[in-house]
Every structure is written in C-alpha cells, then in structure tokens.
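upload.txt (compact mmCIF, C-alpha atoms) appears below.
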# COMPACT_ATOMS: atom_id res chain seq x y z
CA MET A 1 133.12 100.96 59.20
CA HIS A 2 132.10 97.60 60.60
CA VAL A 3 130.00 97.45 63.76
CA VAL A 4 129.43 94.54 66.12
CA ILE A 5 125.94 95.08 67.53
CA ILE A 6 125.05 93.17 70.67
CA ASN A 7 121.44 93.02 71.78
CA GLY A 8 121.69 93.15 75.59
CA SER A 9 118.04 92.30 76.23
CA PRO A 10 117.26 89.11 78.15
CA ARG A 11 114.01 88.74 76.21
CA VAL A 12 114.09 86.24 73.36
CA ARG A 13 114.93 87.86 70.04
CA LYS A 14 111.56 87.24 68.45
CA TYR A 15 109.74 89.41 71.01
CA SER A 16 112.58 91.84 71.76
CA ASN A 17 111.79 95.55 71.29
CA THR A 18 115.54 96.18 71.25
CA GLU A 19 115.86 93.77 68.31
CA LYS A 20 113.36 95.85 66.28
CA ILE A 21 115.24 99.02 67.17
CA ILE A 22 118.53 97.42 66.10
CA ALA A 23 117.00 96.42 62.76
CA ALA A 24 116.06 100.04 61.98
CA PHE A 25 119.40 101.34 63.23
CA ALA A 26 121.33 98.80 61.14
CA LYS A 27 119.37 99.80 58.07
CA GLY A 28 120.74 103.30 58.60
CA LEU A 29 124.27 101.93 58.86
CA SER A 30 123.83 100.07 55.56
CA GLU A 31 122.47 103.17 53.84
CA LYS A 32 125.75 104.88 54.60
CA GLY A 33 127.87 101.97 53.43
CA SER A 34 128.75 100.54 56.83
CA THR A 35 128.52 96.86 57.63
CA PHE A 36 127.45 95.09 60.81
CA GLU A 37 126.97 91.77 62.54
CA THR A 38 124.38 91.24 65.29
CA TYR A 39 124.25 89.05 68.38
CA ALA A 40 121.91 88.64 71.35
CA VAL A 41 122.87 87.77 74.93
CA SER A 42 119.42 86.24 75.54
CA ASP A 43 120.80 82.98 74.14
CA ARG A 44 123.55 81.88 76.55
CA ASN A 45 124.72 79.25 74.09
CA THR A 46 126.09 82.02 71.88
CA TRP A 47 128.10 83.83 74.57
CA ASP A 48 131.44 82.40 73.40
CA VAL A 49 130.73 83.57 69.86
CA ILE A 50 129.71 87.05 71.04
CA ARG A 51 132.81 87.36 73.22
CA ASP A 52 134.97 86.32 70.26
CA ALA A 53 133.39 89.03 68.10
CA TYR A 54 133.97 91.56 70.91
CA ILE A 55 137.63 90.59 71.06
CA LYS A 56 138.26 90.64 67.30
CA ASN A 57 136.48 93.90 66.46
CA ASP A 58 137.06 97.47 67.56
CA GLU A 59 133.66 99.08 66.96
CA ILE A 60 131.14 97.65 69.43
CA LEU A 61 127.58 98.78 70.08
CA ILE A 62 125.53 97.32 72.88
CA ALA A 63 121.81 98.04 72.56
CA LEU A 64 119.83 97.35 75.70
CA PRO A 65 116.58 97.93 77.57
CA LEU A 66 116.68 99.70 80.92
CA TYR A 67 116.01 97.25 83.76
CA VAL A 68 115.43 98.86 87.16
CA GLU A 69 117.51 101.96 86.51
CA CYS A 70 120.49 100.11 85.03
CA VAL A 71 121.70 97.16 82.97
CA PRO A 72 119.64 93.92 83.00
CA GLY A 73 121.11 91.27 85.31
CA LEU A 74 121.78 88.89 82.43
CA LEU A 75 123.80 91.47 80.51
CA LEU A 76 125.73 92.31 83.67
CA GLU A 77 126.60 88.61 83.95
CA PHE A 78 127.77 88.52 80.34
CA LEU A 79 129.87 91.68 80.77
CA GLU A 80 131.77 89.98 83.58
CA THR A 81 133.03 87.41 81.10
CA LEU A 82 134.66 89.98 78.79
CA PRO A 83 138.45 90.25 78.84
CA ARG A 84 140.16 93.61 79.20
CA LYS A 85 140.96 95.35 75.91
CA ASP A 86 142.62 98.66 75.06
CA GLU A 87 141.58 102.06 73.71
CA HIS A 88 141.64 100.92 70.09
CA THR A 89 138.25 99.47 70.84
CA ARG A 90 135.32 101.85 71.07
CA LEU A 91 132.23 100.82 73.02
CA SER A 92 128.97 102.70 72.46
CA PHE A 93 125.48 102.10 73.80
CA LEU A 94 121.87 102.44 72.75
CA LEU A 95 119.76 102.56 75.91
CA GLN A 96 116.00 102.28 75.49
CA SER A 97 113.17 102.11 78.00
CA GLY A 98 109.43 101.88 78.46
CA PHE A 99 109.07 105.10 80.45
CA ALA A 100 109.01 107.97 78.00
CA GLU A 101 110.97 110.85 79.54
CA GLY A 102 114.73 111.30 79.24
CA CYS A 103 115.15 111.70 83.01
CA GLN A 104 114.18 108.05 83.49
CA LEU A 105 117.28 106.78 81.68
CA ARG A 106 120.01 108.99 83.15
CA CYS A 107 120.93 106.72 86.03
CA GLY A 108 121.42 103.84 83.57
CA GLU A 109 123.34 106.11 81.22
CA GLU A 110 125.76 107.07 84.00
CA PHE A 111 126.63 103.42 84.57
CA LEU A 112 127.19 102.88 80.84
CA ALA A 113 129.38 105.99 80.57
CA LYS A 114 131.67 104.59 83.27
CA LEU A 115 131.65 100.98 82.06
CA PRO A 116 134.18 101.25 79.17
CA ALA A 117 136.92 102.42 81.57
CA TYR A 118 136.44 99.23 83.62
CA LEU A 119 136.89 97.20 80.42
CA GLY A 120 139.90 99.26 79.31
CA VAL A 121 138.15 100.51 76.16
CA ARG A 122 137.08 103.92 74.83
CA TYR A 123 133.55 105.28 75.35
CA GLY A 124 131.61 106.09 72.19
CA GLY A 125 128.61 107.72 73.84
CA CYS A 126 125.10 106.55 74.62
CA LEU A 127 121.95 107.07 72.59
CA VAL A 128 119.09 107.44 75.04
CA LYS A 129 115.42 106.97 74.14
CA GLY A 130 112.30 106.03 76.03
CA ASP A 131 108.68 105.26 75.11
CA ASN A 132 109.37 101.87 73.55
CA PHE A 133 107.17 99.59 75.68
CA GLY A 134 104.48 99.31 73.06
CA ILE A 135 106.64 98.06 70.18
CA ARG A 136 106.04 94.45 71.13
CA ILE A 137 102.27 94.66 71.02
CA LEU A 138 102.09 96.44 67.67
CA GLY A 139 101.64 94.78 64.29
CA GLU A 140 104.65 94.49 61.98
CA GLU A 141 103.76 97.52 59.91
CA LYS A 142 103.31 99.76 62.97
CA GLN A 143 106.55 98.41 64.44
CA ALA A 144 108.45 99.52 61.37
CA GLN A 145 106.82 102.92 61.64
CA VAL A 146 107.66 103.58 65.30
CA THR A 147 111.25 102.32 65.00
CA LYS A 148 111.93 104.28 61.80
CA PRO A 149 113.58 107.26 63.61
CA TYR A 150 116.39 104.91 64.72
CA GLN A 151 117.41 104.55 61.09
CA ALA A 152 118.58 108.18 61.04
CA MET A 153 120.63 107.46 64.15
CA GLY A 154 122.28 104.53 62.34
CA GLU A 155 123.14 106.87 59.49
CA LEU A 156 124.59 109.35 61.97
CA PHE A 157 126.61 106.64 63.74
CA ALA A 158 128.13 105.61 60.39
CA GLU A 159 129.82 109.01 60.29
CA GLU A 160 132.12 107.70 63.05
CA ASP A 161 131.49 110.24 65.82
CA GLY A 162 129.73 107.80 68.11
CA PHE A 163 126.73 109.37 69.83
CA PHE A 164 128.39 112.63 70.76
CA ARG A 165 126.77 114.79 68.07
CA GLU A 166 123.97 117.17 68.94
CA GLU A 167 121.48 115.18 66.83
CA ALA A 168 122.06 112.14 69.02
CA GLN A 169 121.60 114.17 72.21
CA LYS A 170 118.35 115.68 70.89
CA PHE A 171 117.00 112.26 69.90
CA THR A 172 116.09 111.61 73.54
CA GLY A 173 113.24 114.13 73.44
CA PRO A 174 111.99 115.93 76.56
CA GLU A 175 113.72 115.30 79.90
CA TYR A 176 110.39 115.88 81.69
CA PHE A 177 106.90 116.43 80.31
CA PRO A 178 105.44 119.87 80.98
CA LEU A 179 102.61 120.03 83.52
CA PRO A 180 99.71 120.31 81.03
CA VAL A 181 100.95 117.19 79.22
CA ARG A 182 101.29 115.34 82.52
CA LEU A 183 97.75 116.24 83.49
CA ILE A 184 96.27 115.07 80.19
CA VAL A 185 98.38 111.92 79.90
CA GLY A 186 97.82 111.20 83.61
CA LEU A 187 94.07 111.30 83.00
CA LEU A 188 94.45 109.03 79.97
CA PHE A 189 96.41 106.54 82.12
CA LYS A 190 93.45 106.32 84.50
CA THR A 191 90.89 105.82 81.75
CA LEU A 192 91.81 104.73 78.22
CA GLY A 193 95.25 103.49 79.29
CA LYS A 194 93.79 101.04 81.78
CA LYS A 195 91.32 99.76 79.20
CA MET A 196 94.05 99.42 76.59
CA PHE A 197 96.29 97.39 78.92
CA GLN A 198 93.37 95.26 80.07
CA LYS A 199 92.57 94.55 76.41
CA ALA A 200 96.17 93.66 75.62
CA ALA A 201 96.14 91.36 78.66
CA ALA A 202 92.91 89.70 77.52
CA SER A 203 94.56 88.89 74.20
CA TRP A 204 97.28 87.12 76.21
CA GLY A 205 94.64 85.04 77.95
CA CYS A 206 94.39 87.09 81.14
CA SER A 207 90.95 87.31 82.75
CA VAL A 208 91.73 88.91 86.13
CA PRO A 209 92.20 92.62 86.95
CA LEU A 210 95.76 93.77 86.26
CA ASP A 211 96.02 95.29 89.73
CA GLU A 212 94.85 92.19 91.58
CA LYS A 213 96.48 91.76 94.99
CA VAL A 214 97.21 88.08 94.47
CA TRP A 215 99.05 87.54 97.76
CA GLU A 216 96.33 89.08 99.88
CA ALA A 217 93.54 86.89 98.54
CA MET B 218 110.65 93.53 109.86
CA VAL B 219 114.19 93.77 108.50
CA LEU B 220 115.06 91.43 105.65
CA MET B 221 118.62 90.89 104.47
CA VAL B 222 119.27 89.21 101.13
CA ASP B 223 122.88 88.12 100.92
CA THR B 224 124.40 87.13 97.57
CA THR B 225 128.05 87.62 98.59
CA THR B 226 130.59 84.84 98.09
CA GLU B 227 131.98 85.50 101.58
CA HIS B 228 128.51 85.33 103.18
CA ILE B 229 129.04 88.59 105.03
CA GLY B 230 125.34 88.71 105.90
CA LYS B 231 126.04 86.26 108.69
CA VAL B 232 128.43 88.70 110.41
CA ILE B 233 125.94 91.54 110.00
CA ALA B 234 123.11 89.43 111.42
CA GLU B 235 125.28 88.56 114.44
CA GLU B 236 125.99 92.23 115.04
CA LEU B 237 122.33 93.03 114.77
CA SER B 238 121.47 90.26 117.27
CA ARG B 239 124.06 91.55 119.74
CA SER B 240 122.68 95.06 119.56
CA GLY B 241 119.56 93.85 121.32
CA ASP B 242 116.40 95.75 120.50
CA ASN B 243 115.66 94.26 117.11
CA ALA B 244 117.19 90.84 117.67
CA ASP B 245 114.07 88.93 116.62
CA GLY B 246 112.75 91.34 114.05
CA PHE B 247 114.96 90.35 111.18
CA GLU B 248 115.59 87.57 108.74
CA LEU B 249 118.67 86.75 106.72
CA ILE B 250 118.37 84.96 103.39
CA ASP B 251 121.63 83.65 101.98
CA THR B 252 121.05 82.86 98.31
CA THR B 253 123.99 80.45 98.02
CA GLY B 254 122.83 77.28 96.33
CA MET B 255 119.47 78.73 95.40
CA HIS B 256 118.22 78.72 91.84
CA ILE B 257 117.39 82.32 90.98
CA SER B 258 117.04 83.10 87.29
CA HIS B 259 117.43 86.52 85.72
CA CYS B 260 114.27 88.38 84.66
CA VAL B 261 113.51 87.42 81.07
CA GLY B 262 111.29 90.45 80.41
CA CYS B 263 108.26 88.39 79.42
CA ASN B 264 105.86 90.92 81.03
CA TYR B 265 103.64 88.05 82.21
CA CYS B 266 103.65 89.45 85.76
CA TRP B 267 101.98 92.58 84.37
CA LEU B 268 99.79 91.32 81.55
CA LYS B 269 99.15 87.57 81.69
CA THR B 270 99.27 86.43 85.32
CA PRO B 271 99.24 89.77 87.18
CA GLY B 272 101.45 89.70 90.27
CA VAL B 273 102.88 86.25 89.56
CA CYS B 274 106.26 85.58 87.93
CA ALA B 275 106.27 83.03 85.12
CA ILE B 276 109.62 81.60 86.25
CA GLN B 277 109.24 78.88 88.82
CA ASP B 278 112.43 78.78 90.84
CA ASP B 279 113.54 79.75 94.36
CA TYR B 280 112.72 83.43 93.95
CA GLU B 281 109.02 83.76 94.82
CA PRO B 282 109.38 83.05 98.58
CA ILE B 283 112.03 85.80 98.70
CA LEU B 284 109.81 88.28 96.90
CA ARG B 285 106.87 87.51 99.21
CA LYS B 286 109.09 88.34 102.18
CA MET B 287 110.43 91.45 100.49
CA SER B 288 106.91 92.74 99.88
CA LYS B 289 106.04 92.36 103.59
CA ALA B 290 109.33 93.72 104.99
CA ASP B 291 109.80 97.28 106.27
CA GLN B 292 113.45 97.25 105.22
CA VAL B 293 115.18 95.19 102.54
CA TRP B 294 118.97 95.19 102.69
CA LEU B 295 120.76 93.95 99.60
CA ILE B 296 124.09 92.52 100.66
CA SER B 297 126.18 92.35 97.52
CA ASP B 298 129.60 91.93 96.02
CA THR B 299 130.47 94.61 93.48
CA ARG B 300 131.66 94.61 89.90
CA PHE B 301 132.18 97.62 87.62
CA GLY B 302 131.54 99.67 90.79
CA PHE B 303 127.96 98.37 90.80
CA VAL B 304 126.12 95.50 92.54
CA SER B 305 126.82 91.99 91.26
CA TRP B 306 124.60 90.39 88.65
CA GLN B 307 123.32 88.04 91.35
CA THR B 308 121.91 91.01 93.27
CA LYS B 309 120.71 92.77 90.11
CA ASN B 310 118.72 89.66 89.19
CA ILE B 311 116.95 89.82 92.56
CA VAL B 312 116.06 93.47 91.99
CA ASP B 313 115.04 93.04 88.33
CA ARG B 314 112.50 90.46 89.42
CA ILE B 315 110.55 92.70 91.84
CA MET B 316 108.22 93.54 88.95
CA PRO B 317 105.29 91.42 90.22
CA LEU B 318 104.99 94.03 93.02
CA VAL B 319 104.37 96.63 90.34
CA THR B 320 101.29 96.79 88.10
CA MET B 321 101.03 97.63 84.43
CA TYR B 322 99.09 100.79 85.30
CA LEU B 323 100.87 104.13 85.12
CA LYS B 324 100.63 107.49 86.83
CA PHE B 325 102.68 110.66 87.23
CA GLN B 326 104.38 111.22 90.55
CA ASP B 327 106.67 114.13 91.35
CA GLY B 328 106.73 115.01 87.68
CA GLN B 329 107.76 111.57 86.39
CA MET B 330 105.97 108.50 85.08
CA ARG B 331 105.71 105.70 87.62
CA HIS B 332 103.95 102.38 87.78
CA VAL B 333 101.03 102.02 90.18
CA MET B 334 102.09 99.63 92.95
CA ARG B 335 100.18 96.38 93.50
CA TYR B 336 100.22 96.43 97.31
CA ASP B 337 99.77 99.21 99.85
CA HIS B 338 102.97 98.51 101.74
CA GLN B 339 106.42 98.97 100.16
CA PRO B 340 109.82 98.18 101.71
CA ASP B 341 112.60 100.74 101.97
CA ILE B 342 115.84 99.57 100.36
CA GLY B 343 119.45 99.70 101.53
CA ILE B 344 122.73 98.29 100.22
CA ILE B 345 125.75 96.85 102.01
CA TYR B 346 128.57 96.00 99.63
CA THR B 347 131.97 94.35 99.51
CA GLY B 348 134.85 95.36 97.24
CA ASP B 349 135.38 98.42 95.12
CA GLY B 350 131.87 99.86 94.91
CA ASP B 351 131.23 103.27 93.38
CA GLN B 352 129.65 104.75 96.52
CA VAL B 353 128.17 107.83 94.84
CA TYR B 354 126.71 105.84 91.96
CA LEU B 355 125.30 103.13 94.23
CA GLU B 356 123.57 105.84 96.29
CA ARG B 357 122.01 107.28 93.16
CA TRP B 358 120.90 103.87 91.95
CA CYS B 359 119.44 102.89 95.32
CA GLN B 360 117.46 106.13 95.52
CA ARG B 361 116.15 105.71 92.00
CA THR B 362 115.23 102.07 92.63
CA ALA B 363 113.32 103.00 95.80
CA LEU B 364 111.56 105.78 93.88
CA ASN B 365 110.29 103.18 91.41
CA ILE B 366 108.46 101.28 94.14
CA GLY B 367 107.32 104.35 96.02
CA SER B 368 109.66 103.87 98.99
CA ARG B 369 112.91 105.36 100.26
CA SER B 370 116.59 104.52 100.17
CA LEU B 371 118.04 103.50 103.54
CA GLY B 372 121.52 104.35 102.30
CA VAL B 373 124.54 102.55 100.91
CA PHE B 374 127.29 101.19 103.14
CA SER B 375 130.56 99.45 102.43
CA ASP B 376 131.29 96.31 104.43
CA SER B 377 133.64 98.31 106.66
CA GLN B 378 130.78 100.69 107.56
CA ARG B 379 128.40 97.86 108.40
CA LYS B 380 128.00 99.03 112.03
CA GLU B 381 126.37 102.19 110.68
CA ALA B 382 124.08 100.09 108.49
CA VAL B 383 123.16 97.97 111.52
CA SER B 384 122.26 101.10 113.47
CA CYS B 385 119.77 101.93 110.68
CA MET B 386 118.09 98.55 111.22
CA LEU B 387 117.23 99.17 114.88
Represent the structure from my file as structure tokens, please.
Amino acid sequence: MHVVIINGSPRVRKYSNTEKIIAAFAKGLSEKGSTFETYAVSDRNTWDVIRDAYIKNDEILIALPLYVECVPGLLLEFLETLPRKDEHTRLSFLLQSGFAEGCQLRCGEEFLAKLPAYLGVRYGGCLVKGDNFGIRILGEEKQAQVTKPYQAMGELFAEEDGFFREEAQKFTGPEYFPLPVRLIVGLLFKTLGKKMFQKAAASWGCSVPLDEKVWEA
Amino acid sequence: MVLMVDTTTEHIGKVIAEELSRSGDNADGFELIDTTGMHISHCVGCNYCWLKTPGVCAIQDDYEPILRKMSKADQVWLISDTRFGFVSWQTKNIVDRIMPLVTMYLKFQDGQMRHVMRYDHQPDIGIIYTGDGDQVYLERWCQRTALNIGSRSLGVFSDSQRKEAVSCML
C-alpha cells in the first residue's frame, strides 16, 4: 500500500513534534513493505502539490497536533481548499497532543471522525496519543526513543485496517490518571516541573518568570 | 464588558450590536471588533509565548490589541461562519492564539491536566454562527475551550437565534 502522509502542524518541519512522530510511523510502514510520501502544510507554497497528491491517491493520513481542542487554524484553512472526492479514498488521522491523558483529545477526535463525510471520503479511524510536548526539547537520540512506539503503529497501519484495531485504540493509554498519580504528578508540576520549564526557557534566552503578568506591569 | 469578535463575511456582528444597543441596559458595555481587513496570522506553534517571551506572541500583526481586550472582557462572543460544521479557520486562528493568556505551568483540575492561567480574570466564551453549524459539536467544543482557560461557555447560537444570545449579554 502507498500512503500520502500530510503533516498538519503549522510549526516549521524542523521543529515539528508531529514530523518526528511521522518519521517513526513511516519506518513502520516501510518495515511492512508499504511506501509513502510526506508533505507539510506549514509551508503554504507547497499547498498545490499537497492537494494534487490528495487528489491522485486513495490512502491519505493526516498527522496533526491538537490546537485548542480541535484542528489548528492553518490546517482548517488548507482543508477548505480540498475538492470533494468519493469513497474510494480513505482518510485517516494521527492526532497528538501535549496533554497526556486520552480524554484531552476526544473533542478533536470527534471533529476528525466527522470530517471525511464532509469531503465525501471514507473514514479510516484516528490514532490518538498525548504526552508529546517534550519531543522538541529533547536531543536527537532521546527523540528517537520516545517516538519509537509509533513505529509499531505504522506496521499495524500497513495491514490495511486503518486505526480500527484494538491495538490502535489501546495505544492512547489512560483516559484519566488515577488520583494517586495526579497527586504525585501535580506535586512535581509545582516543584521540579516549574524548574525544568524555567531551565528550558533560559536556554531559549528567557530571563523573566514564566508566569509574569506582562500586561499588568 | 462584552466583546464581540466578528469574522463573518456578511458582518453579522453589526446587526447583533444594534440589537444589543436597542435592548438598553448594556448599550455602552460592549465592543464589536470586525476583523475584516485586519492581518491576523494563524498560530505557528513556536511556544515563544510560554518559554521565550512569556505572555507575548512572537507574531507582530493586528492580533495583540484583540487579545488584550479579550483578556479584560467578561464575555467574548465569537461570531463566525461555519465550515465542516465547525467555526471558520478565521475564528479558529483567533482562538488558537489565546495562548499568551496561558502559562507553561501545569496543574490538575477536575481530574485533568490544565495550564495555570497567567491572569486572575478569564472571559467566558460564546459562539454565534452562520450557516450549517453542527450545534451539538460546537457546544462541546465551546465548553472544552472555556475549560482550558478556566472559564465557562456562554452557549452556542445560530444566527437565527441571535436574540437569545443577545439576552445572555445583558
């Protein structure tokens, strides 16, 4: 099978977490003998080329980050430019987010589940996974390590059942964290987490507190 | 204060503002922003507003004055055309770029991870839409969006129900 993979993130490819996830996923496709071509909507100059690939192929996967409970505005704009196709085309999604729990992505997933009908095409399911915020700030080796699980999902996708198999559903992990985990992680957020983010910010050249009320100064 | 942000091609915010004026009580307590002709980019996900210049968006266009008003408002009404049953990309861009109001810090609230808000006051959010909106989905999305900034949904109204929306603004 041949898959057109569209990176729906507005962030430039070089720094895109979704791009790293796609790379691992595509490796899985290759392992199973499938082929792929990748595009990214972050570069508007390529929109005509992406649209052309969407029109000419019938196995499309859009991988995207969750932006305020749904699709990023830029991807929404691109989607408006797609012509209507028929059910020979299957459209699947890989929805990833920063927040870690499955419940955070369900509102976005509902939109994606309904979207193919608006475009006239068939829905191939949605792979849902959170806890990806950190990919960007990790070194290359660590990046490969944390995105590795997506390779197995690529292998699964190559078996042509979209994301409807139980393995794909389970990949999301917990819908909510149990209370003891929330208490411990909540405490870490207030202590180590703050320090970690402040350190990451310092490496970006930031010298003010991350919670500064800039408009009240 | 009630703030309306109108991205519709038919400028329906004007009609809603007139109705609100006529209804008396809150005639002066609102502002309508029509984004026609404004330069408002999409969010590029650079995370600068969280990690490099906290609270300040790296994109310099016509958006910041709108966000400043949104952060002070009691109610923000998104007046939007619809596509795929959802708000237009023009409206989604305005919502995606509220991130400077949110900090990088995290907490758990009502069992879910949330960002710690930058300011003490948060606006409630409502939607008034034209066209073939998916009412049930828009309600879910509006509630979830409000949850993210620690406020409440004011409800979702089609253009034909705008009188009801106006009654929520009084």
Determine which residues of chain B sit within 6 Å of chain A, taking into account all atoms listed in the file, and present them as an MDAnalysis selection string.
chainID B and resid 259 261:262 268:269 271 306 309:310 313 320 323:324 335
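Across the model, the gap from atom CA of Gly124 of chain A to atom CA of Asp161 of chain A is 7.6 Å.
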Pick out the residues sitting within 9 Å of Gln352 of chain B, and hand them over as a PyMOL selection string; count only C-alpha atoms, and ignore anything fewer than 2 positions along from it in its own chain.
chain B and resi 302-303+349-350+354-357+373-375
I'd like the contact shell of Gln151 of chain A - 8 Å cut-off, only C-alpha atoms, skipping same-chain residues fewer than 5 positions apart - returned as a ChimeraX atom specification.
/A:24-29
Please save C-alpha atoms of the selected residues as a PDB file, keeping the file's coordinate frame.
ATOM      1  CA  ALA A  24     116.060 100.040  61.980  1.00  0.00           C
ATOM      2  CA  PHE A  25     119.400 101.340  63.230  1.00  0.00           C
ATOM      3  CA  ALA A  26     121.330  98.800  61.140  1.00  0.00           C
ATOM      4  CA  LYS A  27     119.370  99.800  58.070  1.00  0.00           C
ATOM      5  CA  GLY A  28     120.740 103.300  58.600  1.00  0.00           C
ATOM      6  CA  LEU A  29     124.270 101.930  58.860  1.00  0.00           C
TER       7      LEU A  29
END
Within 8 Å of Ser370 of chain B, counting all atoms listed in the file, which residues qualify if same-chain residues fewer than 5 places away don't, as a PyMOL selection string?
chain B and resi 341-343+359-360+363
Tell me, in Å to one decimal, how far atom CA of Met196 of chain A is from atom CA of Tyr336 of chain B.
21.8 Å
I want to know what sits within 12 Å of Ile283 of chain B, based on all atoms listed in the file, with residues of the same chain fewer than 2 positions away left out; could you give that as a PyMOL selection string?
chain B and resi 220-223+248-252+255-257+278-281+285-290+293+295+311-312+314-315
Between atom CA of Asp291 of chain B and atom CA of Met334 of chain B, what is the spacing in Å?
15.6 Å
Residues within 8 Å of Glu160 of chain A, all atoms listed in the file, excluding chain neighbours under 3 positions, as an mmCIF file with C-alpha atoms, in the coordinates of the input:
data_model
loop_
_atom_site.group_PDB
_atom_site.id
_atom_site.type_symbol
_atom_site.label_atom_id
_atom_site.label_comp_id
_atom_site.auth_asym_id
_atom_site.auth_seq_id
_atom_site.Cartn_x
_atom_site.Cartn_y
_atom_site.Cartn_z
ATOM 1 C CA MET A 1 133.120 100.960 59.200
ATOM 2 C CA LEU A 156 124.590 109.350 61.970
ATOM 3 C CA PHE A 157 126.610 106.640 63.740
#
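With all atoms listed in the file as the atoms that count, the residue of B:Leu387, B:Ile229, B:Leu284, B:Val319 with the shortest distance to Gly246 of chain B is B:Leu387.
Using only C-alpha atoms, the nearest neighbour of Ala152 of chain A within the list A:Asn17, A:Asn7, A:Ser30, A:Thr35 is A:Ser30.
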Export segment 100-126 of chain A from the structure block above, keeping N, CA and C atoms, as an mmCIF file, in the first residue's frame.
data_model
loop_
_atom_site.group_PDB
_atom_site.id
_atom_site.type_symbol
_atom_site.label_atom_id
_atom_site.label_comp_id
_atom_site.auth_asym_id
_atom_site.auth_seq_id
_atom_site.Cartn_x
_atom_site.Cartn_y
_atom_site.Cartn_z
ATOM 1 N N ALA A 100 -1.374 14.790 28.448
ATOM 2 C CA ALA A 100 -1.049 13.364 28.354
ATOM 3 C C ALA A 100 -2.248 12.415 28.283
ATOM 4 N N GLU A 101 -3.387 12.801 28.884
ATOM 5 C CA GLU A 101 -4.473 11.837 29.006
ATOM 6 C C GLU A 101 -5.339 11.775 27.744
ATOM 7 N N GLY A 102 -5.892 10.594 27.496
ATOM 8 C CA GLY A 102 -6.735 10.388 26.327
ATOM 9 C C GLY A 102 -7.922 11.327 26.265
ATOM 10 N N CYS A 103 -8.511 11.632 27.436
ATOM 11 C CA CYS A 103 -9.716 12.471 27.477
ATOM 12 C C CYS A 103 -9.488 13.845 26.860
ATOM 13 N N GLN A 104 -8.241 14.287 26.826
ATOM 14 C CA GLN A 104 -7.935 15.622 26.298
ATOM 15 C C GLN A 104 -8.112 15.709 24.791
ATOM 16 N N LEU A 105 -8.054 14.555 24.109
ATOM 17 C CA LEU A 105 -8.064 14.570 22.641
ATOM 18 C C LEU A 105 -9.408 14.186 22.026
ATOM 19 N N ARG A 106 -10.383 13.825 22.855
ATOM 20 C CA ARG A 106 -11.633 13.280 22.318
ATOM 21 C C ARG A 106 -12.476 14.289 21.555
ATOM 22 N N CYS A 107 -12.427 15.535 21.990
ATOM 23 C CA CYS A 107 -13.200 16.562 21.278
ATOM 24 C C CYS A 107 -12.617 16.756 19.868
ATOM 25 N N GLY A 108 -11.294 16.770 19.772
ATOM 26 C CA GLY A 108 -10.644 16.872 18.464
ATOM 27 C C GLY A 108 -10.914 15.652 17.609
ATOM 28 N N GLU A 109 -10.894 14.496 18.248
ATOM 29 C CA GLU A 109 -11.151 13.238 17.530
ATOM 30 C C GLU A 109 -12.557 13.228 16.923
ATOM 31 N N GLU A 110 -13.526 13.768 17.687
ATOM 32 C CA GLU A 110 -14.901 13.778 17.162
ATOM 33 C C GLU A 110 -14.987 14.595 15.867
ATOM 34 N N PHE A 111 -14.302 15.727 15.845
ATOM 35 C CA PHE A 111 -14.302 16.531 14.619
ATOM 36 C C PHE A 111 -13.699 15.741 13.466
ATOM 37 N N LEU A 112 -12.581 15.075 13.720
ATOM 38 C CA LEU A 112 -11.885 14.329 12.667
ATOM 39 C C LEU A 112 -12.719 13.149 12.178
ATOM 40 N N ALA A 113 -13.480 12.524 13.081
ATOM 41 C CA ALA A 113 -14.320 11.388 12.683
ATOM 42 C C ALA A 113 -15.428 11.830 11.730
ATOM 43 N N LYS A 114 -15.868 13.086 11.904
ATOM 44 C CA LYS A 114 -16.959 13.592 11.055
ATOM 45 C C LYS A 114 -16.453 14.228 9.760
ATOM 46 N N LEU A 115 -15.183 14.623 9.756
ATOM 47 C CA LEU A 115 -14.635 15.372 8.619
ATOM 48 C C LEU A 115 -14.688 14.622 7.269
ATOM 49 N N PRO A 116 -14.318 13.316 7.221
ATOM 50 C CA PRO A 116 -14.310 12.647 5.917
ATOM 51 C C PRO A 116 -15.658 12.715 5.183
ATOM 52 N N ALA A 117 -16.761 12.644 5.930
ATOM 53 C CA ALA A 117 -18.085 12.713 5.291
ATOM 54 C C ALA A 117 -18.271 14.054 4.577
ATOM 55 N N TYR A 118 -17.765 15.137 5.170
ATOM 56 C CA TYR A 118 -17.861 16.448 4.523
ATOM 57 C C TYR A 118 -17.063 16.482 3.217
ATOM 58 N N LEU A 119 -15.985 15.687 3.168
ATOM 59 C CA LEU A 119 -15.126 15.677 1.976
ATOM 60 C C LEU A 119 -15.533 14.575 0.999
ATOM 61 N N GLY A 120 -16.539 13.793 1.384
ATOM 62 C CA GLY A 120 -17.056 12.734 0.509
ATOM 63 C C GLY A 120 -16.287 11.425 0.610
ATOM 64 N N VAL A 121 -15.254 11.381 1.451
ATOM 65 C CA VAL A 121 -14.372 10.207 1.506
ATOM 66 C C VAL A 121 -14.686 9.309 2.707
ATOM 67 N N ARG A 122 -14.021 8.175 2.766
ATOM 68 C CA ARG A 122 -14.231 7.183 3.814
ATOM 69 C C ARG A 122 -13.302 7.468 5.001
ATOM 70 N N TYR A 123 -13.795 7.200 6.204
ATOM 71 C CA TYR A 123 -13.009 7.435 7.421
ATOM 72 C C TYR A 123 -12.192 6.191 7.772
ATOM 73 N N GLY A 124 -10.900 6.390 7.989
ATOM 74 C CA GLY A 124 -10.026 5.256 8.310
ATOM 75 C C GLY A 124 -9.644 5.179 9.775
ATOM 76 N N GLY A 125 -10.306 5.967 10.615
ATOM 77 C CA GLY A 125 -10.003 5.936 12.040
ATOM 78 C C GLY A 125 -8.976 6.983 12.440
ATOM 79 N N CYS A 126 -8.801 7.111 13.758
ATOM 80 C CA CYS A 126 -7.915 8.147 14.286
ATOM 81 C C CYS A 126 -7.058 7.557 15.397
#
